[in-house]
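The next block is final29.csv, given as CSV, C-alpha atoms.
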chain,number,residue,atom,x,y,z
A,1,MET,CA,37.3,-140.8,-29.6
A,2,SER,CA,38.9,-143.2,-27.1
A,3,ASP,CA,37.6,-143.8,-23.7
A,4,PRO,CA,39.1,-141.8,-20.9
A,5,THR,CA,41.8,-143.7,-19.0
A,6,PRO,CA,41.6,-144.1,-15.2
A,7,SER,CA,44.3,-141.4,-14.6
A,8,ASN,CA,42.4,-139.2,-17.0
A,9,LEU,CA,39.3,-139.8,-15.0
A,10,GLU,CA,41.0,-138.7,-11.8
A,11,THR,CA,42.1,-135.5,-13.5
A,12,ILE,CA,38.6,-134.9,-14.8
A,13,ALA,CA,37.1,-135.7,-11.4
A,14,THR,CA,39.5,-133.3,-9.6
A,15,GLY,CA,38.8,-130.6,-12.2
A,16,PHE,CA,35.0,-131.1,-11.7
A,17,ILE,CA,35.3,-130.7,-7.9
A,18,ASN,CA,37.5,-127.6,-8.2
A,19,HIS,CA,34.8,-126.1,-10.5
A,20,ILE,CA,32.0,-126.5,-7.9
A,21,PRO,CA,32.1,-123.7,-5.4
A,22,HIS,CA,30.5,-125.6,-2.5
A,23,MET,CA,32.7,-128.7,-2.9
A,24,ARG,CA,35.8,-126.5,-3.0
A,25,ALA,CA,34.6,-124.5,0.0
A,26,CYS,CA,34.3,-127.8,2.0
A,27,GLY,CA,37.7,-129.1,0.9
A,28,ILE,CA,36.5,-132.3,-0.8
A,29,VAL,CA,39.3,-134.2,-2.5
A,30,VAL,CA,39.3,-137.1,-5.0
A,31,ASP,CA,41.0,-140.2,-3.6
A,32,SER,CA,40.4,-142.2,-6.8
A,33,ALA,CA,38.2,-142.2,-9.9
A,34,ALA,CA,37.5,-145.0,-12.3
A,35,ARG,CA,34.7,-146.0,-14.6
A,36,GLU,CA,33.4,-148.4,-11.9
A,37,GLY,CA,33.3,-145.9,-9.1
A,38,VAL,CA,34.9,-142.9,-7.3
A,39,GLU,CA,36.2,-142.3,-3.8
A,40,VAL,CA,36.1,-138.8,-2.4
A,41,ARG,CA,37.2,-137.6,1.0
A,42,LEU,CA,36.0,-134.8,3.3
A,43,PRO,CA,38.8,-133.7,5.6
A,44,TYR,CA,37.6,-133.2,9.2
A,45,ARG,CA,36.6,-129.8,10.4
A,46,PRO,CA,35.0,-128.8,13.8
A,47,GLU,CA,32.3,-127.0,11.8
A,48,TRP,CA,31.0,-130.4,10.7
A,49,LEU,CA,29.8,-131.3,14.2
A,50,GLY,CA,26.1,-131.6,14.9
A,51,ASP,CA,26.2,-132.9,18.4
A,52,LEU,CA,28.8,-131.3,20.6
A,53,GLN,CA,28.0,-133.4,23.7
A,54,ARG,CA,28.6,-136.6,21.9
A,55,GLY,CA,31.3,-135.3,19.5
A,56,VAL,CA,29.3,-136.5,16.5
A,57,ILE,CA,29.4,-135.2,12.9
A,58,HIS,CA,26.1,-133.8,11.6
A,59,THR,CA,24.4,-136.2,9.2
A,60,GLY,CA,23.6,-133.2,6.9
A,61,VAL,CA,27.4,-133.1,6.1
A,62,ILE,CA,27.3,-136.8,5.2
A,63,THR,CA,24.4,-136.2,2.9
A,64,MET,CA,26.2,-133.3,1.2
A,65,LEU,CA,29.3,-135.5,0.6
A,66,VAL,CA,27.1,-138.4,-0.8
A,67,ASP,CA,25.3,-136.0,-3.1
A,68,SER,CA,28.7,-134.7,-4.4
A,69,ALA,CA,30.2,-138.2,-4.8
A,70,SER,CA,27.1,-139.5,-6.5
A,71,GLY,CA,27.1,-136.8,-9.2
A,72,LEU,CA,30.8,-137.5,-9.7
A,73,ALA,CA,30.2,-141.2,-10.1
A,74,VAL,CA,27.7,-140.5,-12.9
A,75,LEU,CA,30.1,-138.2,-14.6
A,76,THR,CA,32.8,-140.8,-14.7
A,77,ALA,CA,30.4,-143.5,-15.8
A,78,MET,CA,29.1,-141.6,-18.8
A,79,PRO,CA,31.0,-141.9,-22.1
A,80,ALA,CA,31.2,-138.1,-22.3
A,81,PRO,CA,30.4,-135.3,-19.7
A,82,GLU,CA,26.8,-134.1,-19.9
A,83,PRO,CA,24.6,-132.1,-17.5
A,84,ILE,CA,22.7,-134.3,-14.9
A,85,ALA,CA,19.9,-133.5,-12.4
A,86,THR,CA,19.4,-135.3,-9.1
A,87,LEU,CA,15.9,-136.8,-8.9
A,88,ASP,CA,16.1,-138.3,-5.4
A,89,LEU,CA,18.5,-139.3,-2.7
A,90,ARG,CA,17.9,-141.7,0.2
A,91,MET,CA,20.2,-141.9,3.2
A,92,ASP,CA,20.5,-144.5,6.0
A,93,TYR,CA,22.7,-143.4,8.9
A,94,LEU,CA,24.1,-146.7,10.2
A,95,ARG,CA,26.3,-145.4,13.1
A,96,PRO,CA,27.6,-142.1,14.4
A,97,ALA,CA,30.4,-140.4,12.6
A,98,HIS,CA,33.0,-139.2,15.1
A,99,ARG,CA,34.9,-136.0,15.5
A,100,ASP,CA,38.6,-135.7,14.3
A,101,LEU,CA,38.2,-138.3,11.6
A,102,ASP,CA,37.8,-137.7,7.8
A,103,LEU,CA,34.7,-139.0,6.0
A,104,VAL,CA,35.4,-141.1,2.9
A,105,CYS,CA,32.6,-141.9,0.4
A,106,ARG,CA,32.7,-144.5,-2.4
A,107,ALA,CA,30.0,-144.0,-5.1
A,108,GLU,CA,29.2,-146.4,-7.8
A,109,CYS,CA,26.9,-145.9,-10.8
A,110,PHE,CA,25.6,-149.4,-11.0
A,111,ARG,CA,23.1,-148.8,-13.8
A,112,LEU,CA,23.2,-146.2,-16.6
A,113,THR,CA,20.4,-146.0,-19.1
A,114,SER,CA,19.9,-143.4,-21.9
A,115,HIS,CA,17.8,-141.3,-19.5
A,116,ILE,CA,18.6,-142.3,-15.9
A,117,ALA,CA,21.6,-143.1,-13.8
A,118,PHE,CA,21.4,-145.1,-10.5
A,119,VAL,CA,24.1,-144.7,-7.9
A,120,ARG,CA,24.8,-146.3,-4.5
A,121,THR,CA,27.2,-145.0,-2.0
A,122,THR,CA,29.0,-146.1,1.2
A,123,VAL,CA,30.5,-143.7,3.7
A,124,TRP,CA,33.1,-144.6,6.4
A,125,GLN,CA,35.7,-143.0,8.6
A,126,ASP,CA,38.7,-145.2,9.7
A,127,ASP,CA,37.1,-148.6,8.9
A,128,ARG,CA,35.7,-149.3,5.5
A,129,GLU,CA,34.0,-152.4,6.9
A,130,ALA,CA,32.0,-150.3,9.4
A,131,PRO,CA,30.2,-147.7,7.3
A,132,VAL,CA,28.6,-144.7,9.0
A,133,ALA,CA,26.1,-144.3,6.2
A,134,ILE,CA,24.8,-145.7,2.9
A,135,GLY,CA,22.9,-143.8,0.2
A,136,GLN,CA,21.1,-144.4,-3.0
A,137,ALA,CA,20.3,-141.8,-5.7
A,138,ALA,CA,18.8,-141.5,-9.1
A,139,PHE,CA,19.8,-138.9,-11.7
A,140,MET,CA,18.2,-137.7,-14.9
A,141,ARG,CA,20.6,-137.3,-17.9
A,142,SER,CA,20.2,-134.5,-20.3
A,143,SER,CA,21.0,-136.5,-23.4
A,144,GLY,CA,17.6,-138.2,-23.3
A,145,ASN,CA,15.7,-134.9,-23.6
A,146,ARG,CA,16.4,-134.4,-27.2
A,147,LYS,CA,14.1,-137.1,-28.5
A,148,ARG,CA,11.2,-135.9,-26.4
A,149,ASN,CA,11.7,-132.3,-27.5
A,150,ALA,CA,11.9,-133.3,-31.2
A,151,ALA,CA,8.7,-135.4,-30.9
B,1,MET,CA,22.3,-131.9,34.4
B,2,ASN,CA,23.4,-129.7,31.6
B,3,ASP,CA,21.2,-127.1,29.9
B,4,THR,CA,22.7,-126.9,26.4
B,5,PHE,CA,19.3,-126.5,24.8
B,6,SER,CA,16.8,-125.5,27.5
B,7,SER,CA,17.7,-121.8,27.8
B,8,PRO,CA,18.2,-121.4,24.0
B,9,ARG,CA,14.8,-123.1,23.5
B,10,GLN,CA,13.2,-120.8,26.1
B,11,ILE,CA,14.6,-117.7,24.4
B,12,ALA,CA,13.3,-118.9,21.0
B,13,ARG,CA,9.9,-119.7,22.4
B,14,GLU,CA,9.6,-116.4,24.2
B,15,THR,CA,11.2,-114.0,21.8
B,16,GLY,CA,11.5,-115.8,18.4
B,17,ASP,CA,15.3,-115.4,18.5
B,18,PHE,CA,16.8,-118.7,17.5
B,19,GLY,CA,20.4,-117.5,17.5
B,20,ALA,CA,21.5,-119.4,20.7
B,21,LEU,CA,19.8,-122.6,19.6
B,22,ILE,CA,21.5,-122.5,16.1
B,23,ALA,CA,24.9,-121.7,17.7
B,24,ALA,CA,24.6,-124.9,19.7
B,25,VAL,CA,24.7,-126.9,16.4
B,26,PRO,CA,28.0,-126.0,14.7
B,27,TYR,CA,27.1,-127.3,11.2
B,28,ALA,CA,23.8,-125.4,11.2
B,29,ALA,CA,25.8,-122.3,12.0
B,30,PHE,CA,28.4,-123.1,9.3
B,31,LEU,CA,25.7,-123.4,6.6
B,32,GLY,CA,24.1,-120.2,7.8
B,33,VAL,CA,20.7,-121.6,8.8
B,34,GLN,CA,18.3,-119.1,10.3
B,35,LEU,CA,15.0,-119.6,12.0
B,36,SER,CA,12.1,-117.4,12.9
B,37,LEU,CA,8.6,-118.0,14.1
B,38,HIS,CA,5.9,-117.9,11.4
B,39,GLN,CA,2.3,-118.1,12.7
B,40,GLY,CA,3.7,-119.6,15.9
B,41,LYS,CA,5.8,-122.3,14.1
B,42,PRO,CA,9.5,-122.3,13.3
B,43,ARG,CA,10.4,-121.5,9.7
B,44,ALA,CA,14.0,-122.1,8.4
B,45,CYS,CA,15.8,-119.8,6.0
B,46,LEU,CA,19.1,-120.2,4.3
B,47,PRO,CA,20.4,-116.9,2.8
B,48,PHE,CA,22.2,-117.2,-0.5
B,49,ARG,CA,26.0,-117.2,-0.4
B,50,ALA,CA,28.3,-117.8,-3.4
B,51,ASP,CA,30.0,-120.8,-1.8
B,52,LEU,CA,26.7,-122.7,-1.6
B,53,VAL,CA,26.6,-123.0,-5.4
B,54,GLY,CA,26.7,-126.5,-6.9
B,55,SER,CA,26.3,-125.7,-10.5
B,56,PRO,CA,27.9,-122.5,-11.7
B,57,ARG,CA,26.5,-123.1,-15.2
B,58,LEU,CA,22.8,-122.8,-14.4
B,59,PRO,CA,23.5,-121.4,-11.8
B,60,ALA,CA,22.0,-123.5,-9.0
B,61,MET,CA,22.5,-124.3,-5.4
B,62,HIS,CA,24.4,-127.5,-4.5
B,63,GLY,CA,21.8,-130.3,-4.1
B,64,GLY,CA,23.6,-131.5,-1.0
B,65,VAL,CA,23.2,-128.0,0.5
B,66,THR,CA,19.5,-128.1,0.0
B,67,ALA,CA,19.3,-131.5,1.6
B,68,ALA,CA,21.5,-130.6,4.5
B,69,PHE,CA,19.5,-127.4,5.0
B,70,MET,CA,16.3,-129.4,5.2
B,71,GLU,CA,17.8,-131.9,7.6
B,72,ASN,CA,18.8,-129.0,9.8
B,73,ALA,CA,15.3,-127.5,9.6
B,74,ALA,CA,13.8,-130.8,10.9
B,75,MET,CA,16.4,-131.3,13.6
B,76,LEU,CA,16.1,-127.7,14.9
B,77,HIS,CA,12.3,-127.9,14.7
B,78,LEU,CA,12.5,-130.9,17.0
B,79,LEU,CA,15.0,-129.2,19.4
B,80,TYR,CA,12.5,-126.3,19.5
B,81,GLN,CA,9.4,-128.4,20.1
B,82,ILE,CA,10.6,-131.2,22.4
B,83,ASN,CA,12.0,-130.5,25.9
B,84,THR,CA,15.2,-132.5,25.3
B,85,GLU,CA,18.8,-131.9,26.2
B,86,ARG,CA,20.1,-134.3,23.5
B,87,VAL,CA,20.3,-133.7,19.8
B,88,PRO,CA,17.8,-136.0,18.0
B,89,LYS,CA,19.8,-138.7,16.1
B,90,SER,CA,19.1,-139.0,12.4
B,91,ILE,CA,18.0,-142.5,11.4
B,92,ASP,CA,17.3,-141.9,7.7
B,93,PHE,CA,16.6,-139.1,5.3
B,94,SER,CA,15.0,-139.2,1.8
B,95,ILE,CA,14.7,-136.2,-0.5
B,96,ASP,CA,12.9,-135.7,-3.9
B,97,TYR,CA,14.3,-132.8,-6.0
B,98,LEU,CA,11.4,-131.1,-7.9
B,99,LEU,CA,13.1,-128.0,-9.3
B,100,PRO,CA,16.7,-126.7,-9.5
B,101,ALA,CA,17.3,-124.4,-6.5
B,102,ARG,CA,18.2,-121.0,-7.9
B,103,THR,CA,20.9,-118.9,-6.4
B,104,GLU,CA,18.7,-117.1,-3.9
B,105,GLU,CA,17.5,-117.8,-0.4
B,106,LEU,CA,15.8,-121.1,0.6
B,107,PHE,CA,13.0,-121.5,3.0
B,108,ALA,CA,11.8,-124.7,4.7
B,109,ASP,CA,8.9,-125.7,7.0
B,110,CYS,CA,8.9,-129.0,8.9
B,111,GLU,CA,5.8,-131.0,9.7
B,112,VAL,CA,6.0,-133.5,12.6
B,113,GLY,CA,3.9,-136.5,11.6
B,114,ARG,CA,4.4,-138.4,14.8
B,115,ILE,CA,6.5,-138.2,18.0
B,116,GLY,CA,6.6,-141.5,19.8
B,117,SER,CA,8.6,-142.2,22.9
B,118,ARG,CA,11.6,-143.1,20.8
B,119,VAL,CA,11.1,-142.0,17.2
B,120,ALA,CA,10.0,-138.8,15.5
B,121,GLN,CA,8.8,-138.8,11.9
B,122,THR,CA,9.1,-135.5,10.0
B,123,THR,CA,8.3,-134.1,6.5
B,124,ILE,CA,10.2,-131.1,5.2
B,125,ARG,CA,9.1,-128.8,2.4
B,126,CYS,CA,11.6,-126.4,0.8
B,127,TRP,CA,10.8,-123.5,-1.5
B,128,GLN,CA,12.3,-120.2,-2.8
B,129,LYS,CA,10.2,-117.3,-4.2
B,130,SER,CA,6.9,-119.1,-4.2
B,131,GLN,CA,5.8,-121.3,-1.4
B,132,ASP,CA,3.4,-123.3,-3.7
B,133,ARG,CA,6.3,-124.3,-6.0
B,134,PRO,CA,8.6,-126.4,-3.7
B,135,VAL,CA,12.1,-127.1,-5.0
B,136,ALA,CA,12.3,-130.2,-2.8
B,137,ILE,CA,10.4,-132.3,-0.4
B,138,ALA,CA,12.0,-134.7,2.1
B,139,ARG,CA,11.2,-136.9,5.1
B,140,ALA,CA,13.3,-138.0,8.0
B,141,HIS,CA,13.2,-140.2,11.1
B,142,PHE,CA,15.0,-139.2,14.3
B,143,LEU,CA,15.8,-141.3,17.3
B,144,LEU,CA,15.0,-139.5,20.5
B,145,THR,CA,17.0,-140.5,23.5
B,146,ALA,CA,16.9,-139.5,27.1
B,147,ALA,CA,20.0,-138.0,28.7
B,148,GLU,CA,22.5,-140.8,29.2
Go ahead and render the structure in this file as structure tokens.
Amino acid sequence: MSDPTPSNLETIATGFINHIPHMRACGIVVDSAAREGVEVRLPYRPEWLGDLQRGVIHTGVITMLVDSASGLAVLTAMPAPEPIATLDLRMDYLRPAHRDLDLVCRAECFRLTSHIAFVRTTVWQDDREAPVAIGQAAFMRSSGNRKRNAA
Amino acid sequence: MNDTFSSPRQIARETGDFGALIAAVPYAAFLGVQLSLHQGKPRACLPFRADLVGSPRLPAMHGGVTAAFMENAAMLHLLYQINTERVPKSIDFSIDYLLPARTEELFADCEVGRIGSRVAQTTIRCWQKSQDRPVAIARAHFLLTAAE
């Protein structure tokens, strides 16, 4: 079987998102998808606000986007799709995310072992060089389970 | 001096009705977060909805929804507890997923470890049917700022 090509990966990534009810409900779209990483976008909605006085987007929305993008990055990094489970996720909120602007998240699976996938993410709005948040997550792959079950 | 939170907080403290407090945080209202007083402390609940699903195959809740719910539980807990007119600013958030969250309601309790003059440290525990089998635990720091 040949490796999926980048354009294939974008089709797979978009298909994945459309298959997940919460990602579809929030309107998340794939900007790009490659073996090295994915970029997804959350179009702005007033419902995302957490602080009306400051006009700041709720950090929970950013976490949700990062969780979504991280899973997608693992999916595109694996040779073939398999179920994964999030072990943990750590977020740092570097600056406020402002109203009226989309959130864009780049997620890269920087290490994939037979059992575990490690992902780091960066989130920005209009300036990629001024991220609003960074995240790091670890996932468990399901492929590694077989050996243990057989033992 | 505005009173975005003082009267909703007063209502919650006196009657246990958190509706006005939640309505002041649009994303909490979007998710469908509810709060009630349990032994004098706020307890958060997220009723199940089909559009909160992250894995239709299992099925399971979206992990990001569980995380966002827990972050809201901590933020609303602080808005209830502290007499502030500003939303606490999230500094960081770290979650460990212990079990897949099934397609049923989520509950969360928040424990405040420390409230200093500038920073609050919180631990959040989330469960479903059985409180002694948490689906996730998380911790978060918030920056508390005076009215600007």
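Residues of chain A lying within 7 Å of chain B, counting all atoms listed in the file, are Ile20, Pro21, His22, Ala25, Glu47, Trp48, Leu49, Gly50, Asp51, His58, Thr59, Gly60, Val61, Thr63, Met64, Asp67, Ser68, Thr86, Leu87, Asp88, Leu89, Arg90, Met91, Asp92 and Tyr93 of chain A.
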Between atom CA of Pro46 of chain A and atom CA of Gln128 of chain B - distance in Å to one decimal | 29.4 Å
Neighbour residues at most 10 Å from (37.0, -147.5, -8.2) (all atoms listed in the file) as an NGL selection string = :A and (6 or 31-39 or 73 or 106-108)
Near segment 80-83 of chain A, within 7 Å and counting all atoms listed in the file, which residues show up once chain neighbours fewer than 3 positions away are dropped, as a list in words?
-> Leu75, Arg141 and Ser142 of chain A
For Leu35 of chain B, please output as a count of residues only all residues within 10 Å (counting only C-alpha atoms; exclusion window: fewer than 3 positions along the same chain).
-> 20
Would you list the contacts of Thr121 of chain A as number ranges by chain, taking every protein, DNA or RNA residue within 9 Å and counting all atoms listed in the file, but skipping same-chain residues closer than 4 positions in sequence?
-> A: 66, 69-70, 105-109, 133-137
Interatomic distance between atom CA of Pro43 of chain A and atom CA of Phe48 of chain B?
->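 Straight-line distance from atom CA of Pro43 of chain A to atom CA of Phe48 of chain B works out to 24.2 Å.
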Interatomic distance, atom CA of Asp132 of chain B to atom CA of Tyr80 of chain B (Å, one decimal) |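 Calculated distance between atom CA of Asp132 of chain B and atom CA of Tyr80 of chain B is 25.1 Å.
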